[in-house]
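Following: one structure in structure tokens, then a few remarks.
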Amino acid sequence: MSRRARSDSQGIFTRIAFAIGIVVLAGVLGAFLGGRRPEPPGETPKPKPAVAPIAPGTPAPEPVERPKPTPPLFFYGSIQPGSDVEAVAGEVKLAAAAGIHDHILRMQFPWPELGQDVNAALYPLDRIEQEDPGASIILGISLNPPDAWLDAHPEAIATSTEGAKRYASIASKEWLAACKGALSDLIGQIENSGRGARVSGFLLGGLEEDRWMRTGDYDRSAPNLAAFRDWLRVTYPDDAALRAAWGTDTITLESAEIPPLPDNNDQSNVFFAYPSEQNQIDYLRFVSETTADFISNLAGHVHQTAQNYLKLYVPYGQTFELTSNASGHFALGLLLDGEIDGFVSPVSYQDRGLGGAGGFMGPVNSAAFHARQWIVVDDTRTGISRNSQTGAVDRIEGLRPEDVMRVQKRNYASVLTHGLALAWADDQGIGALYEPRMWEMFNRMREAYDATWNGEKAPRTGEFVEYPTPQKRTTLMVVVDEASRFYQRCDTKLNELLLLRARDAALRVGAPVQFCLLQDVLDGHAAPAAAYLFVNAFHLHAEDRQQLRNIMIANGSAAIWLYAPGYLSEKADVANVSETTGMQVEMFDKPAAAGSAYQLTGGRWMKKGDEFGKTEQWAPLFYVNAAESKVLAKYRESGKASVAVEFFDDGWASIFVAEPSVSGELLREILLILENYVAFRRGNTEHRDIAYFGPNLFAIHASVDGEHPVYFSEAVDAEDVLEPEIGWLNKLYIPIPMKLGDTRILKLNLAVSDELPEALPEEVPIEETKIESQANK
């Protein structure tokens, strides 16, 4: 949820808990902030012993050597029935030999209500601990009840398409109570037996794919309808307020229904009309808030039940990846400061192969801004399995381990540079990582991660990373808004363009990029950036617009707005877009064709006439009335300005991309116009490479075979962190020979040589553009 949505409509669990138990809530909050469980109700806390004053002249105590943090690198396996536990144990042994002792193991979640043995579910841990006595284990559990439980509790089942797999409703109190009871039994078994002593936390999964998401029609079960009406009662004080919001004189808080599923493919009617379709907006918000509340409720129960602190992770917040706005994943803002310790997502399922972007599913840097961990699961298909009968390792013909390892190296580069966590996965427990060469590489990766983030000069928690660029700060902050998604009728098509493709385009720019929630920018949690790419900031109140402008001015930054920034506020109005962008923006009076052509000459990556965006009809669609000197692109069909730039006297710049898509080449040109550093330049090889930046780190993943020139603002000495024998000294640019799918991760230091570096190769002269730069203004 964004800051606006959170203030307008708190999660129902949080709000009701506050209303009926402020004293209890305060105790829980105080315990969370203090890093311990609250005292049991009715018990008086033990008084703290008096501290004796220190006598003058008393020598200072010897400094206590704190244990060095271990790199957050995990093996992710399965000990569920049907898994090859011997294969997983072998992988654990390989991981331990590589110095990796943190494991995520999927287990069968026992349901004592059905007579399932909690102790038996933990038996496989004995075998795991034999291979790694120092293991720290996070148990991955699916809270989806088995069919026998659903048969016994039909009233708890979510409605779904006929023949589809059955799930419990996220609003079912019976399911929540059953989950709590089963978790209590599991925690008790872990704590009261020798088995499971190494368990350090849980990965809680549920609903479809155990990712806390829904697809298909809305859930119209009795529990969900009742919960929606309860949510409305908290959101609206009375029937009159609800009627005013929904634009009807007949509705009441007792009679409100779950709305019909809209036509999500309607590009000629992108946004819901309000008040007439406020019920749709409210329901989408309710789905996400209710999902977050369910997760929060479980987390609070675990922390209150367990004697020792158990870390809790959830596969949630996949804001870029999930294109359906009804999936329930858009209340991450409500969980970032709660009892969840971290979030988990695979490498994006879009463009994840050799040469692909391999993007993040969610706003991973927002987790770090709130001292939370984000674990990226590398579930790359390896083609390897262990024959459980013979113990032999089988391989799929044509899938080479070398190529698999190249993809794994790309995924590691993205995690290393962003300071995230990484889990190499054999999530089916078949021996998919039963390959010693992989673990030899993982060992080198562990050492490089340790040197980068745990060394003497490593960034500390809460510090913003300095990048090896002239500005030292993030060049491009990709900003996604959760609340704006509730206002879209057309979701999947538009979200593919603005979220998935814009995310991947940003990774191809060749500059430091981070990904965060709009809420964190507004609240001041986000790191300062040279430019902010607002991919879907459709809904902005006047105070939000002013706050964003203040941030741009304070940081001397540029705002790059996509499609319909701020169009929705108290009402939908093109004047809101003008106010947001600082430009004179108009709206086509009927569905109009997108698809644009670049207008400037002399660009490094785009020449005049280069096309981007598809010729598709959209409504609303906007254009800019601007002087030709400020126009970067025009719609091919109408000739109206689709991309324009404005520099302001108070030190910030605004770039409006009305075209509902953006390319990596266009983003590079925009950053160059703004006089920002970009590592890539055109060479003999036409490429769309991926670039990552970290503390004194630069990584590149090759999209094609050939030479890949990388430019630096100062002469550097560069060394490959995984292959130290490869390096370059005293270079302003490095022409790196690479094949498709290769990755180089370079540790950069200022060159120590007194000699002048080799001169930069001649570049095709860049003709003067008609755009005034900020420096010339």
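Please note that chains go A, B, ... in the order of the structure tokens, that every chain numbers its residues from 1, and that ligands are numbered from 1 in the order shown.
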
Checklist entry - Could you name the residues that touch segment 659-669 of chain A at 9 Å or less, counting only C-alpha atoms, but leaving out those on the same chain fewer than 3 positions away, as a ChimeraX atom specification? => result /A:494,497-498,501-502,504-511,562-564,594-596,598,603-606,612-614,618,621-623,634-635,642-643,656,672-674,678,680,688

Item to check | Selection: 9 Å around Asp266 of chain A, only C-alpha atoms, excl. self and same-chain fewer than 6 positions, as number ranges by chain | outcome: A: 489-491, 618

I'd like the contact shell of segment 167-177 of chain A - 10 Å cut-off, only C-alpha atoms, skipping same-chain residues fewer than 4 positions apart - returned as a PDB file with C-alpha atoms, in the first residue's frame.
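Output (selection-v6.pdb):
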ATOM      1  CA  LEU A 143      -0.488 -23.423   4.861  1.00  0.00           C
ATOM      2  CA  ASN A 144      -2.946 -24.598   2.220  1.00  0.00           C
ATOM      3  CA  PRO A 145      -5.151 -27.177   3.947  1.00  0.00           C
ATOM      4  CA  PRO A 146      -5.424 -30.665   2.447  1.00  0.00           C
ATOM      5  CA  ASP A 147      -8.568 -31.814   0.709  1.00  0.00           C
ATOM      6  CA  TRP A 149      -9.791 -30.458   5.782  1.00  0.00           C
ATOM      7  CA  LEU A 150     -11.610 -28.609   2.993  1.00  0.00           C
ATOM      8  CA  HIS A 153     -15.025 -27.223   6.255  1.00  0.00           C
ATOM      9  CA  PRO A 154     -16.810 -26.456   2.956  1.00  0.00           C
ATOM     10  CA  GLU A 155     -17.878 -23.031   4.258  1.00  0.00           C
ATOM     11  CA  ALA A 156     -14.190 -21.978   4.340  1.00  0.00           C
ATOM     12  CA  ILE A 157     -13.558 -22.658   0.646  1.00  0.00           C
ATOM     13  CA  ALA A 158     -13.040 -19.748  -1.758  1.00  0.00           C
ATOM     14  CA  THR A 159     -15.235 -19.765  -4.844  1.00  0.00           C
ATOM     15  CA  SER A 160     -13.377 -20.569  -8.041  1.00  0.00           C
ATOM     16  CA  GLY A 181      -3.211 -24.277  15.911  1.00  0.00           C
ATOM     17  CA  ALA A 182      -1.026 -26.288  13.547  1.00  0.00           C
ATOM     18  CA  LEU A 183       1.800 -23.736  13.819  1.00  0.00           C
ATOM     19  CA  GLY A 206      -0.335 -20.107   0.957  1.00  0.00           C
ATOM     20  CA  LEU A 207      -2.924 -19.800  -1.820  1.00  0.00           C
ATOM     21  CA  GLU A 208      -1.927 -20.351  -5.448  1.00  0.00           C
ATOM     22  CA  TRP A 212      -0.299 -15.634  -1.487  1.00  0.00           C
ATOM     23  CA  MET A 213      -1.991 -14.791  -4.780  1.00  0.00           C
ATOM     24  CA  ARG A 214      -5.301 -15.439  -6.486  1.00  0.00           C
ATOM     25  CA  ASP A 219     -13.910 -14.903  -4.354  1.00  0.00           C
ATOM     26  CA  ARG A 220     -17.646 -14.725  -3.633  1.00  0.00           C
ATOM     27  CA  SER A 221     -17.677 -17.074  -0.651  1.00  0.00           C
ATOM     28  CA  ALA A 222     -19.648 -16.194   2.479  1.00  0.00           C
ATOM     29  CA  PRO A 223     -16.487 -15.476   4.549  1.00  0.00           C
ATOM     30  CA  ASN A 224     -15.114 -13.136   1.903  1.00  0.00           C
ATOM     31  CA  LEU A 225     -18.391 -11.259   1.506  1.00  0.00           C
ATOM     32  CA  ALA A 226     -18.687 -10.855   5.280  1.00  0.00           C
ATOM     33  CA  ALA A 227     -15.094  -9.644   5.511  1.00  0.00           C
ATOM     34  CA  PHE A 228     -15.634  -7.157   2.680  1.00  0.00           C
ATOM     35  CA  VAL A 287      -8.152  -8.031  -1.398  1.00  0.00           C
ATOM     36  CA  THR A 290      -6.897  -8.679   3.716  1.00  0.00           C
ATOM     37  CA  THR A 291      -4.034 -10.804   2.379  1.00  0.00           C
ATOM     38  CA  ALA A 292      -1.490  -8.680   4.250  1.00  0.00           C
ATOM     39  CA  ASP A 293      -3.632  -8.837   7.400  1.00  0.00           C
ATOM     40  CA  PHE A 294      -3.790 -12.639   7.253  1.00  0.00           C
ATOM     41  CA  ILE A 295       0.008 -12.794   6.949  1.00  0.00           C
ATOM     42  CA  ASN A 297      -1.903 -12.245  12.008  1.00  0.00           C
ATOM     43  CA  LEU A 298       0.077 -15.444  11.475  1.00  0.00           C
ATOM     44  CA  GLY A 328      -3.680  -9.485  -3.571  1.00  0.00           C
TER      45      GLY A 328
END

Next on the checklist: One number please: atom CA of Gly205 of chain A to atom CA of Val314 of chain A, in Å, one decimal.
Outcome noted: 6.4 Å

Next on the checklist: For a quick check of understanding, using only C-alpha atoms, which of A:Glu466, A:Glu675, A:Arg410, A:Val478 has the smallest distance to Tyr692 of chain A?
Outcome noted: A:Arg410

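For the atom pair formed by atom CA of Ala526 of chain A and atom CA of Leu73 of chain A, the distance is 24.9 Å, given to one decimal.
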
List the spatial neighbours of Glu86 of chain A as a compact mmCIF listing (two decimals) with N, CA, C and O atoms, in the first residue's frame - criterion: any atom at most 12 Å away, only C-alpha atoms, same-chain residues fewer than 2 positions off excluded.
# COMPACT_ATOMS: atom_id res chain seq x y z
N GLY A 77 15.97 -26.43 -0.65
CA GLY A 77 15.63 -27.80 -1.03
C GLY A 77 14.27 -28.22 -0.51
O GLY A 77 13.49 -27.40 -0.01
N SER A 78 13.98 -29.50 -0.62
CA SER A 78 12.69 -30.03 -0.21
C SER A 78 12.88 -31.35 0.52
O SER A 78 13.64 -32.21 0.07
N ILE A 79 12.18 -31.48 1.65
CA ILE A 79 12.15 -32.77 2.37
C ILE A 79 10.71 -33.27 2.47
O ILE A 79 10.37 -34.04 3.36
N GLY A 82 7.90 -37.59 -1.32
CA GLY A 82 8.13 -37.60 -2.76
C GLY A 82 9.46 -37.01 -3.15
O GLY A 82 9.94 -37.22 -4.27
N SER A 83 10.08 -36.26 -2.24
CA SER A 83 11.42 -35.73 -2.52
C SER A 83 12.46 -36.80 -2.27
O SER A 83 12.25 -37.72 -1.47
N ASP A 84 13.58 -36.67 -2.91
CA ASP A 84 14.71 -37.58 -2.71
C ASP A 84 15.57 -36.99 -1.58
O ASP A 84 16.44 -36.16 -1.83
N VAL A 88 18.92 -34.46 -1.48
CA VAL A 88 18.95 -33.18 -0.78
C VAL A 88 20.06 -33.17 0.27
O VAL A 88 20.78 -32.18 0.43
N ALA A 89 20.22 -34.30 0.97
CA ALA A 89 21.30 -34.39 1.95
C ALA A 89 22.66 -34.24 1.27
O ALA A 89 23.58 -33.59 1.81
N GLY A 90 22.79 -34.82 0.09
CA GLY A 90 24.04 -34.66 -0.66
C GLY A 90 24.28 -33.22 -1.05
O GLY A 90 25.41 -32.72 -1.02
N GLU A 91 23.22 -32.52 -1.42
CA GLU A 91 23.36 -31.10 -1.76
C GLU A 91 23.71 -30.28 -0.53
O GLU A 91 24.51 -29.33 -0.61
N VAL A 92 23.14 -30.61 0.61
CA VAL A 92 23.48 -29.93 1.85
C VAL A 92 24.96 -30.13 2.18
O VAL A 92 25.66 -29.20 2.62
N LYS A 93 25.45 -31.34 1.94
CA LYS A 93 26.88 -31.62 2.17
C LYS A 93 27.75 -30.76 1.25
O LYS A 93 28.77 -30.20 1.68
N PRO A 124 13.07 -36.08 8.49
CA PRO A 124 14.16 -35.86 7.52
C PRO A 124 15.22 -34.87 8.00
O PRO A 124 16.33 -34.87 7.46
N LEU A 125 14.90 -34.04 8.99
CA LEU A 125 15.90 -33.10 9.48
C LEU A 125 17.10 -33.82 10.10
O LEU A 125 18.22 -33.30 10.09
N ASP A 126 16.85 -35.01 10.64
CA ASP A 126 17.96 -35.78 11.21
C ASP A 126 19.03 -36.03 10.14
O ASP A 126 20.23 -35.88 10.39
N ARG A 127 18.57 -36.41 8.96
CA ARG A 127 19.51 -36.72 7.87
C ARG A 127 20.24 -35.45 7.41
O ARG A 127 21.44 -35.50 7.12
N ILE A 128 19.53 -34.34 7.39
CA ILE A 128 20.15 -33.08 6.97
C ILE A 128 21.23 -32.67 7.95
O ILE A 128 22.34 -32.27 7.56
N GLN A 130 22.96 -34.51 9.87
CA GLN A 130 24.13 -35.39 9.78
C GLN A 130 25.15 -34.83 8.80
O GLN A 130 26.36 -34.91 9.04
N GLU A 131 24.69 -34.26 7.71
CA GLU A 131 25.60 -33.74 6.69
C GLU A 131 26.09 -32.33 7.00
O GLU A 131 27.14 -31.92 6.51
N SER A 385 19.25 -34.40 -12.14
CA SER A 385 18.49 -35.08 -11.09
C SER A 385 19.28 -36.30 -10.64
O SER A 385 20.18 -36.78 -11.35
N ARG A 386 18.96 -36.78 -9.47
CA ARG A 386 19.62 -37.98 -8.94
C ARG A 386 18.65 -39.15 -9.04
O ARG A 386 17.49 -39.03 -8.65
N ASN A 387 19.12 -40.24 -9.58
CA ASN A 387 18.31 -41.45 -9.64
C ASN A 387 18.24 -42.06 -8.25
O ASN A 387 19.24 -42.50 -7.70
N SER A 388 17.04 -42.01 -7.66
CA SER A 388 16.90 -42.46 -6.27
C SER A 388 17.14 -43.96 -6.11
O SER A 388 17.42 -44.43 -4.99
N GLN A 389 17.06 -44.73 -7.21
CA GLN A 389 17.28 -46.16 -7.13
C GLN A 389 18.76 -46.51 -7.19
O GLN A 389 19.24 -47.34 -6.41
N THR A 390 19.49 -45.85 -8.08
CA THR A 390 20.89 -46.20 -8.29
C THR A 390 21.86 -45.19 -7.69
O THR A 390 23.04 -45.50 -7.51
N GLY A 391 21.36 -43.99 -7.39
CA GLY A 391 22.25 -42.95 -6.91
C GLY A 391 22.99 -42.22 -8.00
O GLY A 391 23.76 -41.29 -7.74
N ALA A 392 22.79 -42.64 -9.26
CA ALA A 392 23.48 -42.00 -10.39
C ALA A 392 22.85 -40.64 -10.67
O ALA A 392 21.67 -40.41 -10.42
N GLY A 429 13.39 -31.14 -4.72
CA GLY A 429 14.12 -32.18 -3.99
C GLY A 429 14.49 -33.35 -4.86
O GLY A 429 14.36 -34.52 -4.44
N ILE A 430 15.01 -33.09 -6.07
CA ILE A 430 15.36 -34.18 -6.99
C ILE A 430 16.86 -34.27 -7.24
O ILE A 430 17.31 -35.11 -8.01
N GLY A 431 17.63 -33.38 -6.61
CA GLY A 431 19.07 -33.36 -6.87
C GLY A 431 19.45 -32.42 -8.00
O GLY A 431 20.45 -32.65 -8.68
N TYR A 434 22.97 -31.19 -7.81
CA TYR A 434 23.92 -32.25 -7.49
C TYR A 434 25.08 -32.18 -8.48
O TYR A 434 25.33 -33.10 -9.26

Checklist entry - segment 330-337 of chain A: which residues within 7 Å, counting only C-alpha atoms, same-chain residues fewer than 5 positions away excluded, as a count of residues only? => result 10
